[in-house]
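Visitor: Before I ask anything, here is the structure I am working with.
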Amino acid sequence: MKIALIGYGKMGKEIEKVALGRGHEIVCIIDINNQDDFESEAFRSADVAIEFTNPMVAYSNYIRTFKAGVKLVSGSTGWMAEHGDEIKRLCEKEGKTLFWSSNFSLGVAIFSAVNKYLAKIMNQFPGYDVTMSETHHVHKLDAPSGTAITLAEGILENLNRKSRWVKEEAATADELPIHSIREGEVFGIHTIRYDSAADSISITHDAKNRGGFALGAVLAAEYTAGKQGYLGMSDLFPFLADEAPKPNSK
């Protein structure tokens, strides 16, 4: 498969290593200093582009990739609130293709499924209140992280007593607070905690390196090459879309 890379920082270099290791060809690398290459024949020859940049340029990268007729996999976050509806329309109505996820880690995909199931169980136990914390490196621009927001949405979909997430502190009982920490070179730690007067239950995902994210992005690219539309991790891993079993099911 021919892959173009958009963004050549630490993640871009890790993706390059994984892609080459899986037998793919890197036909174009676009970074801040060669933006004109979006219009190059090399970029247009790619089966899929993989994009990891930042909220300020992600939308522009998407539009330029679509214009070149190239399918796109992206892990950039922070653009959805302003441009999400437009990008989904371009994919669903105008034939463009974007596979987007706030986190490409297989471990996070499993963690997300466990998170939804635990939230559903907790409907039976109103004595537990839920909070979330996320820690990332100091270079990360958005807070809460896209992964934290995705996990929060999974809780809101399954825990009836919570209706929205908020930054830092909850003002009302139906709010789910997300506490964000930026320190050092942390790859990403997400913890969901249920507290009662008697005890607490916590689940945590702690990324050790970028390898899991890079592998997931390349797996997504392999999947996307033959697909069209607005895609996500529940397409790549169908268990994420499965209805969680009832707590008393056998």
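Residues in the structure tokens are numbered from 1 in each chain, the chains being A, B, ... in the order shown, and ligands are numbered from 1 in the order shown.
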Give the strand (DSSP E) residues of range 70-225 of chain A, as assigned by DSSP on the backbone, as JSON, numbers by chain.
Guide: {"A": [71, 72, 73, 74, 97, 98, 99, 100, 129, 130, 131, 132, 133, 134, 135, 136, 164, 165, 166, 167, 175, 176, 177, 178, 179, 180, 181, 182, 189, 190, 191, 192, 193, 194, 195, 200, 201, 202, 203, 204, 205, 206]}
Visitor: Would you list the contacts of range 167-180 of chain A as a ChimeraX atom specification, taking every protein, DNA or RNA residue within 9 Å and counting only C-alpha atoms, but skipping same-chain residues closer than 3 positions in sequence?
Guide: /A:129-136,143-145,148-149,152,155-156,160-164
Visitor: Please provide the set of residues having any atom within 9 Å of range 50-58 of chain A, restricted to only C-alpha atoms, with same-chain residues fewer than 6 positions apart removed, written as JSON, numbers by chain.
Guide: {"A": [3, 4, 5, 6, 7, 8, 9, 11, 12, 15, 71, 72, 73, 74, 75, 76, 77, 78, 79, 80, 140, 141, 142, 217, 218, 221]}
Visitor: The selected residues should be written to file as a tab-separated table (two decimals), in the first residue's frame (atoms: N, CA, C and O atoms).
Guide:
chain	number	residue	atom	x	y	z
A	3	ILE	N	1.42	4.97	1.18
A	3	ILE	CA	0.96	5.82	2.28
A	3	ILE	C	1.66	7.17	2.22
A	3	ILE	O	2.88	7.25	1.99
A	4	ALA	N	0.89	8.24	2.41
A	4	ALA	CA	1.45	9.58	2.60
A	4	ALA	C	1.34	9.94	4.08
A	4	ALA	O	0.34	9.59	4.73
A	5	LEU	N	2.33	10.62	4.60
A	5	LEU	CA	2.30	11.07	5.98
A	5	LEU	C	2.13	12.58	6.02
A	5	LEU	O	2.81	13.30	5.30
A	6	ILE	N	1.19	13.04	6.85
A	6	ILE	CA	0.98	14.47	7.07
A	6	ILE	C	1.32	14.74	8.53
A	6	ILE	O	0.62	14.29	9.44
A	7	GLY	N	2.40	15.46	8.75
A	7	GLY	CA	2.94	15.64	10.09
A	7	GLY	C	4.09	14.67	10.30
A	7	GLY	O	3.90	13.45	10.18
A	8	TYR	N	5.26	15.19	10.58
A	8	TYR	CA	6.44	14.33	10.69
A	8	TYR	C	7.17	14.58	12.01
A	8	TYR	O	8.38	14.69	12.07
A	9	GLY	N	6.35	14.68	13.07
A	9	GLY	CA	6.92	14.76	14.41
A	9	GLY	C	7.16	13.36	14.95
A	9	GLY	O	7.38	12.41	14.20
A	11	MET	N	5.11	11.22	16.35
A	11	MET	CA	4.13	10.24	15.91
A	11	MET	C	4.33	9.88	14.45
A	11	MET	O	4.24	8.71	14.07
A	12	GLY	N	4.57	10.87	13.61
A	12	GLY	CA	4.77	10.61	12.19
A	12	GLY	C	5.94	9.66	11.96
A	12	GLY	O	5.85	8.74	11.13
A	15	ILE	N	4.91	6.14	13.03
A	15	ILE	CA	4.02	5.56	12.02
A	15	ILE	C	4.82	5.09	10.81
A	15	ILE	O	4.58	4.01	10.26
A	71	LYS	N	-7.75	9.28	0.35
A	71	LYS	CA	-8.42	8.88	1.59
A	71	LYS	C	-7.53	9.21	2.78
A	71	LYS	O	-6.30	9.22	2.66
A	72	LEU	N	-8.16	9.45	3.93
A	72	LEU	CA	-7.40	10.00	5.06
A	72	LEU	C	-7.71	9.26	6.36
A	72	LEU	O	-8.86	8.95	6.65
A	73	VAL	N	-6.64	9.00	7.12
A	73	VAL	CA	-6.73	8.53	8.51
A	73	VAL	C	-6.15	9.63	9.38
A	73	VAL	O	-5.06	10.14	9.09
A	74	SER	N	-6.88	10.03	10.43
A	74	SER	CA	-6.39	11.13	11.27
A	74	SER	C	-6.62	10.86	12.75
A	74	SER	O	-7.67	10.37	13.15
A	75	GLY	N	-5.62	11.25	13.53
A	75	GLY	CA	-5.74	11.19	14.98
A	75	GLY	C	-5.68	12.57	15.61
A	75	GLY	O	-5.53	12.68	16.83
A	76	SER	N	-5.80	13.61	14.81
A	76	SER	CA	-5.80	14.98	15.35
A	76	SER	C	-7.10	15.26	16.08
A	76	SER	O	-8.18	14.85	15.63
A	77	THR	N	-7.02	15.97	17.20
A	77	THR	CA	-8.20	16.29	17.99
A	77	THR	C	-8.34	17.81	18.11
A	77	THR	O	-7.46	18.57	17.73
A	78	GLY	N	-9.48	18.23	18.64
A	78	GLY	CA	-9.71	19.64	18.89
A	78	GLY	C	-10.38	20.40	17.76
A	78	GLY	O	-10.66	21.59	17.90
A	79	TRP	N	-10.69	19.74	16.64
A	79	TRP	CA	-11.31	20.40	15.48
A	79	TRP	C	-12.80	20.09	15.36
A	79	TRP	O	-13.52	20.76	14.63
A	80	MET	N	-13.27	19.10	16.09
A	80	MET	CA	-14.61	18.55	15.87
A	80	MET	C	-15.72	19.57	16.14
A	80	MET	O	-16.69	19.66	15.38
A	140	LYS	N	0.88	18.92	24.60
A	140	LYS	CA	-0.48	18.71	24.11
A	140	LYS	C	-1.30	19.98	24.28
A	140	LYS	O	-1.36	20.55	25.37
A	141	LEU	N	-1.93	20.43	23.19
A	141	LEU	CA	-2.60	21.74	23.19
A	141	LEU	C	-4.02	21.69	23.72
A	141	LEU	O	-4.49	22.65	24.33
A	142	ASP	N	-4.76	20.60	23.46
A	142	ASP	CA	-6.17	20.57	23.85
A	142	ASP	C	-6.35	19.87	25.20
A	142	ASP	O	-5.62	18.96	25.56
A	217	ALA	N	-2.97	3.18	13.92
A	217	ALA	CA	-3.17	4.08	12.78
A	217	ALA	C	-2.89	3.37	11.46
A	217	ALA	O	-3.61	3.57	10.48
A	218	VAL	N	-1.86	2.53	11.43
A	218	VAL	CA	-1.55	1.79	10.20
A	218	VAL	C	-2.61	0.73	9.93
A	218	VAL	O	-3.02	0.53	8.78
A	221	ALA	N	-5.39	2.51	8.40
A	221	ALA	CA	-5.10	2.84	6.99
A	221	ALA	C	-5.33	1.62	6.10
A	221	ALA	O	-5.89	1.74	5.01
Visitor: Near range 200-216 of chain A, counting only C-alpha atoms, which residues have an atom at most 7 Å away, once you skip same-chain residues fewer than 5 positions from it, shown as a PyMOL selection string?
Guide: chain A and resi 11+14-15+18+103-106+108+111+187-195
Visitor: In Å to one decimal, how far is CA of Gly146 in chain A from CA of Arg182 in chain A?
Guide: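 Between CA of Arg182 in chain A and CA of Gly146 in chain A the gap is 14.1 Å.
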Visitor: Using only C-alpha atoms, find each residue in range 98-136 of chain A having at least one atom no more than 9 Å away from range 237-241 of chain A; report its shortest atom-to-atom pair and that distance in Å (one decimal), rows by chain then rising number, as a Markdown table.
Guide:
| residue | atom | partner | partner_atom | distance |
| --- | --- | --- | --- | --- |
| A:Leu106 | CA | A:Phe237 | CA | 8.9 |
| A:Ala109 | CA | A:Leu240 | CA | 7.1 |
| A:Ile110 | CA | A:Leu240 | CA | 7.9 |
| A:Ser112 | CA | A:Leu240 | CA | 7.5 |
| A:Ala113 | CA | A:Leu240 | CA | 5.6 |
Visitor: Store the residues of this selection in a file with all heavy atoms, as a CSV table (one decimal), in the first residue's frame.
Guide:
chain,number,residue,atom,x,y,z
A,106,LEU,N,-5.0,-0.1,20.4
A,106,LEU,CA,-5.8,-1.3,20.7
A,106,LEU,C,-6.2,-1.3,22.1
A,106,LEU,O,-7.4,-1.6,22.5
A,106,LEU,CB,-5.1,-2.5,20.3
A,106,LEU,CG,-5.8,-3.9,20.6
A,106,LEU,CD1,-7.2,-3.9,19.9
A,106,LEU,CD2,-5.0,-5.0,20.1
A,109,ALA,N,-9.0,0.9,22.8
A,109,ALA,CA,-10.3,0.4,22.3
A,109,ALA,C,-10.9,-0.6,23.3
A,109,ALA,O,-12.1,-0.6,23.5
A,109,ALA,CB,-10.0,-0.3,20.9
A,110,ILE,N,-10.1,-1.5,23.8
A,110,ILE,CA,-10.6,-2.4,24.8
A,110,ILE,C,-11.0,-1.7,26.1
A,110,ILE,O,-12.1,-2.0,26.6
A,110,ILE,CB,-9.5,-3.4,25.2
A,110,ILE,CG1,-9.1,-4.3,24.0
A,110,ILE,CG2,-9.9,-4.4,26.3
A,110,ILE,CD1,-7.8,-5.1,24.1
A,112,SER,N,-12.2,1.3,26.3
A,112,SER,CA,-13.4,2.0,26.0
A,112,SER,C,-14.6,1.1,26.1
A,112,SER,O,-15.7,1.5,26.7
A,112,SER,CB,-13.3,2.6,24.6
A,112,SER,OG,-14.5,3.2,24.2
A,113,ALA,N,-14.5,-0.2,25.6
A,113,ALA,CA,-15.6,-1.1,25.8
A,113,ALA,C,-15.8,-1.5,27.2
A,113,ALA,O,-17.0,-1.5,27.7
A,113,ALA,CB,-15.2,-2.4,25.0
Visitor: Among range 40-105 of chain A, which residues does DSSP mark as helix (DSSP H, G or I) when it is run on the backbone? Keep the chain and numbering as in the structure and answer as a list in words.
Guide: Glu41, Ala42, Phe43, Arg44, Ala58, Tyr59, Ser60, Asn61, Tyr62, Ile63, Arg64, Thr65, Phe66, Lys67, Met80, Ala81, Glu82, His83, Gly84, Asp85, Glu86, Ile87, Lys88, Arg89, Leu90, Cys91, Glu92 and Lys93 of chain A
Visitor: Which value, in Å to one decimal, gives the distance between CA of Tyr59 in chain A and CA of His83 in chain A?
Guide: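 Answer for the CA of Tyr59 in chain A to CA of His83 in chain A separation: 7.1 Å.
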Visitor: Between A:Gly69, A:Gly229, A:Gly23, A:Gly127, which has the minimum distance to Arg89 in chain A (counting only C-alpha atoms)?
Guide: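 Once distances to Arg89 in chain A are computed over only C-alpha atoms, the minimum belongs to A:Gly229.
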Visitor: Give me, please, the distance in Å between CA of Ser102 in chain A and CA of Leu231 in chain A, quoted to one decimal.
Guide: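 CA of Ser102 in chain A sits 12.2 Å away from CA of Leu231 in chain A.
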Visitor: Which residue, A:Met1, A:Glu39, A:Tyr117, A:Ala81, has the smallest gap to Thr65 in chain A when you use only C-alpha atoms?
Guide: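 Between A:Met1, A:Glu39, A:Tyr117, A:Ala81, the residue approaching Thr65 in chain A most closely is A:Glu39.
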Visitor: In terms of the shortest atom-to-atom distance over only C-alpha atoms, which of A:Val48, A:Ile30, A:Leu151, A:Tyr230 is closest to Lys93 in chain A?
Guide: A:Tyr230
